[in-house]
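Below: one structure, written as structure tokens.
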Amino acid sequence: MSVLAISDVSKVFAGGTVAVERFSLNVADGELVCLLGPSGSGKSTLLRMVGGFEQPSAGVITIDGDDITRLTPDKRPTGMVFQSHALWTHMNVFKNLAFGLKLRKLPTAEIREKVEAVLELVGLAGYGNRLTHQLSGGQQQRVALARSLVLEPKILLLDEPFASLDQHLRERLREEVRDIQQRLKITTLFVTHGQDEALSMADRIVVMREGRSEQVDRPDVVYRNPQTPFVAGFIGSMNLVDGTVSNGQFSGAGLSVPLPVSDGPATLAVRPEALELVVADRGAARIHRITDFGSHGLVDLDLEDGTRIKAMVAHPDLFSQGQSVDVKPTAIAAFRDNAQIYRG
Amino acid sequence: MAVTITARPRIDGLGITFTLLLSLAIIFPLLVVGTWAFTEIWRYPNVVPQQFGLRFWEQTLTRPDVWGALTLSLQLSTVVTLLSAAICLPAAYAFARMSFPARTVLFFSFLAGHAFPKFGLLIAIAAIFLQLNLIGTFWGVVLIQLVGTLLFMIWIPVAAFQAVDRRMEEAARDVGASPLRVFWSITLPQAGPTIAAAVLLTFVGTFYETEGAWLIGAPAIRTMPVLMISFINNQMVIQYGAVLSVMLWVPSFVALMFARRVIGGGAFARGFGG
């Protein structure tokens with residue numbers, strides 16, 4: 001049963017910029033869906049339309065079957081966490097959390113109870129009297145999350161909430177947020193441009209590009225079975241080589257790989273971890289650089305026409321810079337006309 | 001790895017020169033005025049007055065016109081500041097947050113009063129006021145002084161409203177606040193300190209405004225600064241001017257100190273776009 005339904009929604013800004021184009025998505029109860037895409041892909045605009053901060057130019061958004069498309073943010077059962085946390089700096093933590101409850105005219109004792117419970121939930125018990133600027137970046141973002149959660153929204157909206165934090169903190173916080181989300185079973189829409197965030201947190205990922213969704217799938221499926229070259233290139237690291245297929249053989253940039261599809265142009269996609277390197281006198285590629293990460297090595301290769309590809313190797317010390325090697329893909333995908341035509 | 005660098009405090013020659021020059025320019029005149037206020041006899045070749053005393057304080061403070069002028073000035077400043085706030089703050093919010101036709105033109109027209117030589121403008125307005133029988137009236141002076149306050153009361157609050165993070169307002173909408181409630185609970189408190197600075201500047205500025213008060217108010221309306229001018233014009237006794245200066249300087253100094261405490265230096269800077 002889907003809680004949030006976005007049907008055929010478009011957003012055209014004054015001036016004609018199309019931010020979102022005929023986008024549809026159903027989010028199930030308790031599901032966490034990530035909107036993933038580069039900046040300008042319309043993911044934030046979409047989130048802001050669900051929150052009520054932007055009006056769709058066309059289409060309908062429903063929550064639990066109720067049409068909320070034209071409702072203002074204060075009338076919607078959604079709670080938004082902003083990238084800049086947007087805490088009210090003239091109030092302490094308690095007042096930040098209590099503001100929404102006071103607007104709902106709850107009795108003081110109940111407000112106190114709820115605020116304390118939610119502070120406990122985000123690991124900030126006893127921080128009520130602190131001023132917001134006395135908190136660290138991670139704590140501020142936790143308060144912002146608590147401010148939304150305390151109102152028990154039907155849909156939680158997260159707009160790149162960890163973007164301003166450092167790497168270490170980001171990883172910790174996304175685990176915490178995921179834990180809280182699963183414990184409360186709250187339906188969540190999460191915007192990010194970081195694939196790690198999407199892959200590690202989401203039940204499903206929506207990969208967005210230029211206002212449209214390119215693929216909607218579970219994280220492992222998006223990674224292993226990308227439906228378009230854009231998704232292949234955007235999620236994880238992917239080598240893309242353009243070439244042509246004739247008689248079941250792909251050739252391009254000096255590479256020759258069996259590819260059982262009809263003749264015509266094609267883009268070959270190979271993950272770095274799915275490329276085997278074999279030292280050869282007249283190989284298809286030349287090693288440009290080797291980076292040793294300890295657990296594994298990453299080899300940059302130049303193909304015949306100068307195309308740069310990457311291969312992951314278990315023992316980087318077996319190779320040397322300038323060496324000529326043959327590349328043997330162990331798993332490939334192929335695309336034609338922006339669609340997948342082969343995987344194997 | 002641990003290297004401790006202890007910088008020896010260098011003597012900053014340029015800084016000290018600036019400090020001395022600024023002190024000379026700011027403190028020296030104040031010192032001279034302050035000294036004159038408590039002086040009874042101070043003749044030319046002497047560096048220090050021959051006789052100190054409070055005679056001129058007594059003479060000044062016992063004059064009924066001084067107290068009348070002080071009361072009038074306070075009333076005028078209060079009325080002008082309140083009116084200015086009532087007119088300018090909503091306008092500033094509109095300039096900062098809404099888009100409407102001719103927004104830029106209107107914004108600069110508010111400031112245009114300060115682009116011309118002020119006295120010329122005052123003469124022209126005085127001519128109009130004469131026909132409207134506003135010359136020499138309380139409300140005539142209020143109107144003329146109101147014009148002078150527009151610059152600070154529009155410009156600074158516009159910057160203050162613009163500096164309020166839109167996301168904060170959106171977050172308030174998100175938790176259920178109406179637009180009016182957002183303005184009252186979020187926007188106003190956020191912009192508040194800077195707006196308070198503008199109100200204070202307006203009050204102090206109006207209190208000391210002289211040209212408009214004199215041209216429109218004379219002879220019936222005599223504000224404190226106008227009275228000071230007439231003191232100096234009628235009898236060249238430096239002490240009267242000095243005593244009034246000290247008297248007027250103390251409250252504004254106290255107000256500014258108070259404001260610095262409550263508002264913090266940052267609010268002033270933000271108001272000017274700093």
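Within each chain, counting starts at residue 1; across the structure tokens, chains are named A, B, ... in the order shown, with ligands numbered 1 upward in that order.
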Using only C-alpha atoms, which residues of chain B come within 8 Å of chain A, and what is the closest atom pair for each, with the distance in Å to one decimal? Give it as JSON lines, sorted by chain and residue number.
{"residue": "B:Asp165", "atom": "CA", "partner": "A:Ala86", "partner_atom": "CA", "distance": 7.5}
{"residue": "B:Arg167", "atom": "CA", "partner": "A:Ala86", "partner_atom": "CA", "distance": 5.5}
{"residue": "B:Met168", "atom": "CA", "partner": "A:Ala86", "partner_atom": "CA", "distance": 4.7}
{"residue": "B:Glu170", "atom": "CA", "partner": "A:Phe53", "partner_atom": "CA", "distance": 7.5}
{"residue": "B:Ala171", "atom": "CA", "partner": "A:Ala86", "partner_atom": "CA", "distance": 6.7}
{"residue": "B:Ala172", "atom": "CA", "partner": "A:Gly100", "partner_atom": "CA", "distance": 7.8}
{"residue": "B:Arg173", "atom": "CA", "partner": "A:Asp74", "partner_atom": "CA", "distance": 5.1}
{"residue": "B:Asp174", "atom": "CA", "partner": "A:Pro73", "partner_atom": "CA", "distance": 5.1}
{"residue": "B:Val175", "atom": "CA", "partner": "A:Gly100", "partner_atom": "CA", "distance": 5.0}
{"residue": "B:Gly176", "atom": "CA", "partner": "A:Asp74", "partner_atom": "CA", "distance": 3.8}
{"residue": "B:Ala177", "atom": "CA", "partner": "A:Asp74", "partner_atom": "CA", "distance": 5.9}
{"residue": "B:Ser178", "atom": "CA", "partner": "A:Asp74", "partner_atom": "CA", "distance": 6.8}
{"residue": "B:Ile186", "atom": "CA", "partner": "A:Trp88", "partner_atom": "CA", "distance": 7.2}
{"residue": "B:Pro189", "atom": "CA", "partner": "A:His90", "partner_atom": "CA", "distance": 7.0}
{"residue": "B:Gln190", "atom": "CA", "partner": "A:His90", "partner_atom": "CA", "distance": 6.8}
Next, write the just-selected residues to a file, as a compact mmCIF listing (two decimals), in the first residue's frame, keeping all heavy atoms as the atom set.
# COMPACT_ATOMS: atom_id res chain seq x y z
N ASP B 165 17.54 33.85 6.98
CA ASP B 165 17.60 32.63 6.19
C ASP B 165 16.20 32.16 5.81
O ASP B 165 15.36 31.90 6.66
CB ASP B 165 18.32 31.55 7.01
CG ASP B 165 18.57 30.28 6.21
OD1 ASP B 165 18.12 30.23 5.04
OD2 ASP B 165 19.20 29.36 6.75
N ARG B 167 15.31 29.42 4.66
CA ARG B 167 15.07 28.04 5.11
C ARG B 167 14.48 28.02 6.52
O ARG B 167 13.69 27.15 6.85
CB ARG B 167 16.37 27.25 5.08
CG ARG B 167 17.00 27.15 3.71
CD ARG B 167 16.32 26.07 2.87
NE ARG B 167 16.91 25.97 1.56
CZ ARG B 167 16.37 26.45 0.44
NH1 ARG B 167 15.21 27.06 0.48
NH2 ARG B 167 16.98 26.31 -0.72
N MET B 168 14.90 28.99 7.34
CA MET B 168 14.34 29.06 8.70
C MET B 168 12.85 29.32 8.64
O MET B 168 12.07 28.73 9.39
CB MET B 168 14.99 30.22 9.47
CG MET B 168 16.31 29.89 10.09
SD MET B 168 16.73 31.21 11.23
CE MET B 168 18.48 31.04 11.22
N GLU B 170 10.92 28.65 6.06
CA GLU B 170 10.28 27.47 5.49
C GLU B 170 10.12 26.37 6.54
O GLU B 170 9.10 25.68 6.58
CB GLU B 170 11.10 26.96 4.30
CG GLU B 170 10.96 27.85 3.08
CD GLU B 170 11.70 27.29 1.87
OE1 GLU B 170 12.55 26.40 2.06
OE2 GLU B 170 11.43 27.77 0.76
N ALA B 171 11.16 26.24 7.39
CA ALA B 171 11.08 25.22 8.45
C ALA B 171 9.91 25.51 9.38
O ALA B 171 9.23 24.59 9.85
CB ALA B 171 12.39 25.17 9.22
N ALA B 172 9.66 26.79 9.64
CA ALA B 172 8.54 27.15 10.51
C ALA B 172 7.20 26.85 9.83
O ALA B 172 6.27 26.37 10.47
CB ALA B 172 8.63 28.63 10.88
N ARG B 173 7.14 27.14 8.52
CA ARG B 173 5.93 26.79 7.77
C ARG B 173 5.71 25.29 7.84
O ARG B 173 4.59 24.80 8.00
CB ARG B 173 6.08 27.20 6.29
CG ARG B 173 6.09 28.68 6.04
CD ARG B 173 4.71 29.28 6.14
NE ARG B 173 3.93 29.09 4.92
CZ ARG B 173 2.61 29.03 4.90
NH1 ARG B 173 1.95 29.08 6.02
NH2 ARG B 173 1.96 28.88 3.77
N ASP B 174 6.81 24.56 7.74
CA ASP B 174 6.76 23.10 7.70
C ASP B 174 6.17 22.51 8.98
O ASP B 174 5.45 21.53 8.93
CB ASP B 174 8.18 22.55 7.48
CG ASP B 174 8.17 21.10 7.03
OD1 ASP B 174 7.41 20.80 6.10
OD2 ASP B 174 8.89 20.29 7.62
N VAL B 175 6.50 23.12 10.14
CA VAL B 175 5.97 22.57 11.39
C VAL B 175 4.58 23.12 11.70
O VAL B 175 4.05 22.85 12.78
CB VAL B 175 6.91 22.81 12.60
CG1 VAL B 175 8.26 22.18 12.36
CG2 VAL B 175 7.03 24.29 12.93
N GLY B 176 4.02 23.91 10.78
CA GLY B 176 2.63 24.26 10.93
C GLY B 176 2.31 25.73 11.19
O GLY B 176 1.18 26.06 11.56
N ALA B 177 3.29 26.62 11.03
CA ALA B 177 3.03 28.03 11.31
C ALA B 177 2.43 28.72 10.09
O ALA B 177 2.81 28.45 8.96
CB ALA B 177 4.33 28.72 11.71
N SER B 178 1.48 29.63 10.34
CA SER B 178 0.90 30.43 9.26
C SER B 178 1.93 31.50 8.86
O SER B 178 2.85 31.77 9.62
CB SER B 178 -0.38 31.10 9.76
OG SER B 178 -0.04 32.01 10.80
N ILE B 186 9.63 34.12 13.80
CA ILE B 186 10.94 33.79 13.22
C ILE B 186 11.60 35.02 12.59
O ILE B 186 12.68 35.44 12.99
CB ILE B 186 10.82 32.68 12.15
CG1 ILE B 186 10.04 31.48 12.71
CG2 ILE B 186 12.19 32.28 11.63
CD1 ILE B 186 10.70 30.76 13.86
N PRO B 189 12.16 38.25 15.13
CA PRO B 189 13.25 38.05 16.10
C PRO B 189 14.63 37.93 15.44
O PRO B 189 15.61 38.37 16.00
CB PRO B 189 12.89 36.74 16.79
CG PRO B 189 11.45 36.55 16.56
CD PRO B 189 11.12 37.22 15.27
N GLN B 190 14.67 37.35 14.25
CA GLN B 190 15.95 37.20 13.57
C GLN B 190 16.48 38.56 13.10
O GLN B 190 17.66 38.85 13.20
CB GLN B 190 15.81 36.26 12.36
CG GLN B 190 15.71 34.79 12.74
CD GLN B 190 17.04 34.22 13.19
OE1 GLN B 190 18.10 34.60 12.70
NE2 GLN B 190 17.00 33.30 14.14
Find the residues around stretch 327-335 of chain A up to 6 Å (only C-alpha atoms counted), leave out those fewer than 2 positions away in its own chain, and share them as a JSON list (two decimals) with N, CA, C and O atoms, in the first residue's frame.
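Output saved as selection.json:
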[["chain", "number", "residue", "atom", "x", "y", "z"],
["A", 266, "ALA", "N", 27.23, 0.57, -30.35],
["A", 266, "ALA", "CA", 26.94, 0.14, -28.98],
["A", 266, "ALA", "C", 27.95, 0.76, -28.02],
["A", 266, "ALA", "O", 29.04, 1.18, -28.42],
["A", 267, "THR", "N", 27.54, 0.89, -26.76],
["A", 267, "THR", "CA", 28.45, 1.34, -25.72],
["A", 267, "THR", "C", 28.69, 0.18, -24.77],
["A", 267, "THR", "O", 27.74, -0.40, -24.25],
["A", 268, "LEU", "N", 29.94, -0.18, -24.61],
["A", 268, "LEU", "CA", 30.30, -1.28, -23.74],
["A", 268, "LEU", "C", 30.55, -0.73, -22.33],
["A", 268, "LEU", "O", 31.22, 0.28, -22.17],
["A", 269, "ALA", "N", 30.00, -1.41, -21.31],
["A", 269, "ALA", "CA", 30.19, -0.97, -19.93],
["A", 269, "ALA", "C", 30.80, -2.09, -19.11],
["A", 269, "ALA", "O", 30.28, -3.20, -19.10],
["A", 270, "VAL", "N", 31.90, -1.78, -18.45],
["A", 270, "VAL", "CA", 32.59, -2.77, -17.62],
["A", 270, "VAL", "C", 33.00, -2.12, -16.31],
["A", 270, "VAL", "O", 33.60, -1.04, -16.31],
["A", 274, "ALA", "N", 35.62, -5.87, -12.75],
["A", 274, "ALA", "CA", 35.31, -6.97, -13.66],
["A", 274, "ALA", "C", 36.26, -6.96, -14.86],
["A", 274, "ALA", "O", 35.91, -7.40, -15.95],
["A", 275, "LEU", "N", 37.43, -6.41, -14.69],
["A", 275, "LEU", "CA", 38.43, -6.39, -15.76],
["A", 275, "LEU", "C", 39.66, -7.15, -15.30],
["A", 275, "LEU", "O", 40.25, -6.82, -14.27],
["A", 276, "GLU", "N", 40.03, -8.17, -16.07],
["A", 276, "GLU", "CA", 41.27, -8.88, -15.75],
["A", 276, "GLU", "C", 42.38, -8.37, -16.64],
["A", 276, "GLU", "O", 42.18, -8.15, -17.83],
["A", 277, "LEU", "N", 43.56, -8.18, -16.08],
["A", 277, "LEU", "CA", 44.69, -7.71, -16.87],
["A", 277, "LEU", "C", 45.69, -8.84, -17.07],
["A", 277, "LEU", "O", 46.01, -9.58, -16.15],
["A", 339, "ALA", "N", 19.48, 2.62, -23.86],
["A", 339, "ALA", "CA", 18.83, 1.50, -23.18],
["A", 339, "ALA", "C", 19.76, 0.31, -23.16],
["A", 339, "ALA", "O", 20.61, 0.16, -24.04],
["A", 340, "GLN", "N", 19.57, -0.53, -22.13],
["A", 340, "GLN", "CA", 20.41, -1.71, -22.04],
["A", 340, "GLN", "C", 20.01, -2.74, -23.08],
["A", 340, "GLN", "O", 18.82, -3.03, -23.26],
["A", 341, "ILE", "N", 20.99, -3.29, -23.82],
["A", 341, "ILE", "CA", 20.66, -4.32, -24.81],
["A", 341, "ILE", "C", 21.29, -5.66, -24.45],
["A", 341, "ILE", "O", 20.94, -6.68, -25.02],
["A", 342, "TYR", "N", 22.23, -5.64, -23.52],
["A", 342, "TYR", "CA", 22.87, -6.91, -23.18],
["A", 342, "TYR", "C", 23.45, -6.82, -21.79],
["A", 342, "TYR", "O", 23.93, -5.78, -21.35],
["A", 343, "ARG", "N", 23.42, -7.97, -21.08],
["A", 343, "ARG", "CA", 24.12, -8.05, -19.80],
["A", 343, "ARG", "C", 24.58, -9.48, -19.61],
["A", 343, "ARG", "O", 23.81, -10.41, -19.82],
["A", 344, "GLY", "N", 25.83, -9.65, -19.27],
["A", 344, "GLY", "CA", 26.30, -11.01, -19.07],
["A", 344, "GLY", "C", 27.75, -11.04, -18.61],
["A", 344, "GLY", "O", 28.37, -10.01, -18.44]]
task: Could you please write out, as a ChimeraX atom specification, every residue of stretch 72-288 of chain A that DSSP assigns to strand (DSSP E or B)?
output: /A:78-81,92,131,155-159,187-192,204-209,212-217,239-246,249-252,255-258,264-270,275-279,285-288
message: I'd like to know which of B:Leu201, B:Met247, B:Leu146, B:Val237 is closest to B:Leu83, using only C-alpha atoms.
response: B:Leu146
Which polymer residues have any atom within 7 Å of an atom of A:Ala28, counting only C-alpha atoms, with same-chain residues fewer than 3 positions away left out, as a CSV table (one decimal) with N, CA, C and O atoms, in the first residue's frame?
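Result file follows (selection-v1.csv):
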chain,number,residue,atom,x,y,z
A,1,MET,N,0.9,-1.2,0.0
A,1,MET,CA,0.0,0.0,0.0
A,1,MET,C,0.9,1.2,0.0
A,1,MET,O,1.7,1.4,0.9
A,2,SER,N,0.8,2.0,-1.0
A,2,SER,CA,1.7,3.2,-1.1
A,2,SER,C,1.1,4.3,-0.3
A,2,SER,O,-0.1,4.6,-0.3
A,3,VAL,N,1.9,5.0,0.5
A,3,VAL,CA,1.5,6.1,1.3
A,3,VAL,C,1.6,7.4,0.5
A,3,VAL,O,0.7,8.2,0.5
A,4,LEU,N,2.7,7.5,-0.2
A,4,LEU,CA,3.0,8.7,-1.0
A,4,LEU,C,2.9,8.3,-2.5
A,4,LEU,O,3.5,7.4,-2.9
A,31,GLU,N,8.9,2.8,3.8
A,31,GLU,CA,10.0,2.7,2.9
A,31,GLU,C,10.9,4.0,2.9
A,31,GLU,O,10.4,5.1,3.1
field: Coordinates-based distance that separates atom CA of B:Ala102 from atom CA of B:Leu151 (Å, one decimal)
entry: 18.4 Å
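Going from atom CA of B:Ser99 to atom CA of A:Glu160 covers 28.8 Å.
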Which residue of B:Thr71, B:Thr19, B:Gln131, B:Thr81 approaches B:Thr149 most closely, using only C-alpha atoms: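 Closest residue, counting only C-alpha atoms: B:Thr81.
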query: Smallest atom-to-atom distance to A:Val27: which of A:Ile63, A:Arg70, A:Tyr223, A:Leu135, using only C-alpha atoms?
result: A:Ile63
query: Skipping near chain neighbours, those fewer than 2 positions away, what residues fall within 12 Å of stretch 88-95 of chain B using only C-alpha atoms, listed as an MDAnalysis selection string?
result: chainID B and resid 80:86 97:108 110:111 146:147 149:164 183 187:188 191:192 194:196 198:199 202
